[in-house]
Structures are given as C-alpha cells and as structure tokens.
Amino acid sequence: MIRDGDERRGGPSLGARLFVAIALVILAGAATLLVVSLLVAPAVFRNHLAQAGVALDATVSTHVEEGFSVAVVAAVAAGVAAAALVGVIVAAVVARRVTRPVADAASAATRLADGEYGVRMAEPGMGPELAELAIAVNTLAQRLETAESRRQALLSDLAHELRTPLAALEATVEAVADGVMPLDQTTLMSLTAQTQRLARLTHDLSAASRSDEHAFTVVRLSVDLADLAETAVAAQAARYASSGVDLSVAWAGGRPVPALADADRVAEVLDQLLDNALRHCTPGDAVTLTLARSVALASIEVADSGAGFSSDEAERIFERFTRGTDSNGSGIGLTIARALARAQGGDLRAASDGPGRGARFTLLLPSG
C-alpha cells in the first residue's frame, strides 16, 4: 500500500545515522588523542631523560625520539582499534535498542491509520522519553477505539430511534392515502406528534454533539438557585397538573441559594430533569425540588416517587439512548443535562433505592 509522502522517505535510517554519529565521535576522539600524544609525549619524554641525568648525543637523541614517537603512534593506533571495535558493537546495540521503539511507534501509527484500533505498544524500557512515546501512542489508540465503538453504537441506536417515528409516519400516510384512516384532527395530531419526536431527536443529537466537543457557551454569574427553581416549577406546573403528579419546592437551609452558574443553562438542566421525572411518574406520584447550600457548593435535588432504577444503572442512565423503562424520550436528555452541569464547573448525580422506589437527581454547582 503506497501512502502519501513515501517518495520523501529516502536516505539513511535512524539506526544508520546513530551508528555513523557514534563512529564519527570515535574517529574524532582518536584523532584528538593522536595529535595531543605526538605534541606532548616527546617533550615529556625528553624532560624525563634530563631529570634522570641521561645525556645523549644528537644522533642517538633523534633516533630515540623517533622510536618513542613510533611507539606512541602504534600504542594509540592499537588502543583506537580496540576502542573502535568495542564502539562499533556498542553503537550497533544502542542504535538497535533506540530505533526499535521508534519503528514500533511508526508501525502502530500506521495500523491505527488503517483502522486497527486494538494495537498497543509495549514498554520500550529505554528511558522516560521513549516510555512517554509509548504511552502517547497507546492513549491515542485507546481513545480512537473508544470513539469508534461509540460511533458504531451511535449509528445503530440512531437508526433504531429514527425507525419508529418514520414507520409510524409512513403507516399513517399510507392509511390516509388508502382511505383506511380519515384525515381528521386526530390523524393530524398523530402526524404532528411523530414529526415533533423527530425534531426533538435531531435537536438532542445536536446538543449531545456539542457536549462531546465541549462547545457549550457558558457565562457564569452569581445567581439565586431558588429563583431559578421556582421559575422552572411554574413553567412545568400545567403539565404536572394535567398528569396528576404533584410538584413542589422545598429549602433545606433557607433562601437565597447563591451559586456561580449560567442561569439559562441551569434552566435547561432543570427542564430536562423535570421532564424526565414526569415521564417516569404516574398519577398520584410526587416530584420535589429541594435546594441546599454549603460553603463550597449549592445544590438542587429533583426527587420523584416514580419508577426508579437499580443501583448499577446510576451511571449508565447518563449514556446516550439509555431510557430504562421509558419509551417516550429521546434517551439523550440526561446526557445533555450532565454535560451542561459539568460545563459550569458542577456535576449531576443520580441515585435510587431501587425499581419502583423513585429516583433522585442532584445538580451540584459552585457556591456563589
């Protein structure tokens, strides 16, 4: 398989470059040693003879110095040859050890580009720099693998979510066209309900995408959560009343309840939580918003006496398209609500005493 840039990959390999670099160091050291020895050793030798009281005539002195220089050169050459042999062996080992993890990283990156997200690099054992390279490659592989799994799950879930309203729309239109169903107010309301469900799904998908990209615009100011809670309750009062579900607000520590948050985003979270609570309640149930504050945190707990869930679902319900026993929502609302809470420096947590025993969702925000 030919890739872009293959034409620019000529030239020596990294191992060859390291080998040449080490060889040049050895040669430079040998040359320096030889020059210094030839400059310094004869003078030291003559000084040593003078101190020993050895007197030589000019001819003998020249011969001795020449012999000494030859001996020095021979000794240096032998030493350099031995050092070069050892250096070549060491250079080959070092070059192999250094280039192997780099080659492994390149191979792993190539396989990742080909879609093999399960590939992982082994620990090189060659110092922290190469260890960090391996960790970086493995982290990238893990994230790509997770992203691919989520993409496949999203496509599968999205196809499932779209299938129901589209099938209902198709069946209704065919029934009207065949004269089986009259085109009256009831039919139009059914068609409108399905199109609204599709619109809600596309809106929630867009919001969920922004949550993944951390693209929410958040302007945090000092707000009173009590005012926001009362506004949210007032907006949902008619729906709750028509469903026969009681809705109320309580204060655990009095008001105001100051928080550092984005008022519009808090309102979105509360709307999602109240909508979720209503869908899991039946006539006669109750939903209560309880506000509390501490030195560091302000909170709003939305507790209902509805369907509830098992303890092992407390985190899973924040995943996309997880709706539990509910079949009316898009399955993305709680995902968006938690993303909005965290974008404001807070969090959204869920708890339940078990199926049929209600649920509690607690919005935590920095105290204002």
# chains A, B, ... in the order shown; residues from 1 in each chain; ligands from 1
call {"tool": "residues_around", "arguments": {"residues": "Ala303 in chain A", "least_positions_apart": "6", "cutoff": "12 Å", "atoms": "only C-alpha atoms", "output": "VMD selection string"}}
result
chain A and resid 246 to 250 270 273 to 274 276 to 278 280 to 281 285 to 291 349 to 353 357 to 363
call {"tool": "residues_around", "arguments": {"residues": "Gln344 in chain A", "least_positions_apart": "4", "cutoff": "9 Å", "atoms": "only C-alpha atoms", "output": "VMD selection string"}}
result
chain A and resid 218 to 220 260 to 262 265 to 266 339 to 340 365 to 366
call {"tool": "select_by_dssp", "arguments": {"residues": "range 119-332 of chain A", "states": "alpha helix (DSSP H)", "output": "PyMOL selection string"}}
result
chain A and resi 128-177+185-212+225-243+263-279
call {"tool": "closest_residue", "arguments": {"among": "A:Ala113, A:Leu18, A:Leu130, A:Val80", "to": "Thr32 in chain A", "atoms": "only C-alpha atoms"}}
result
A:Val80
call {"tool": "residues_around", "arguments": {"residues": "Ala106 in chain A", "least_positions_apart": "5", "cutoff": "12 Å", "atoms": "only C-alpha atoms", "output": "PyMOL selection string"}}
result
chain A and resi 99-101+111-113+119-121+133-134+137
call {"tool": "write_last_selection", "arguments": {"atoms": "C-alpha atoms", "output": "mmCIF file, in the first residue's frame"}}
result
data_model
loop_
_atom_site.group_PDB
_atom_site.id
_atom_site.type_symbol
_atom_site.label_atom_id
_atom_site.label_comp_id
_atom_site.auth_asym_id
_atom_site.auth_seq_id
_atom_site.Cartn_x
_atom_site.Cartn_y
_atom_site.Cartn_z
ATOM 1 C CA THR A 99 15.302 2.597 16.795
ATOM 2 C CA ARG A 100 13.143 -0.400 17.689
ATOM 3 C CA PRO A 101 10.578 1.536 19.791
ATOM 4 C CA ARG A 111 -2.035 0.343 11.812
ATOM 5 C CA LEU A 112 -4.157 2.903 13.619
ATOM 6 C CA ALA A 113 -4.491 4.830 10.366
ATOM 7 C CA VAL A 119 -2.981 -2.171 18.513
ATOM 8 C CA ARG A 120 -0.817 -1.308 21.535
ATOM 9 C CA MET A 121 2.897 -0.576 22.058
ATOM 10 C CA LEU A 133 6.085 7.974 23.378
ATOM 11 C CA ALA A 134 4.622 4.525 24.007
ATOM 12 C CA VAL A 137 0.551 6.075 21.201
#
call {"tool": "residues_around", "arguments": {"residues": "Pro258 in chain A", "least_positions_apart": "4", "cutoff": "10 Å", "atoms": "only C-alpha atoms", "output": "list in words"}}
result
Leu221, Ser222, Val223, Asp224, Leu225, Ala226, Asp227, Ala292, Arg293, Ser294, Leu297, Ala298, Ser299, Leu365, Pro366, Ser367 and Gly368 of chain A
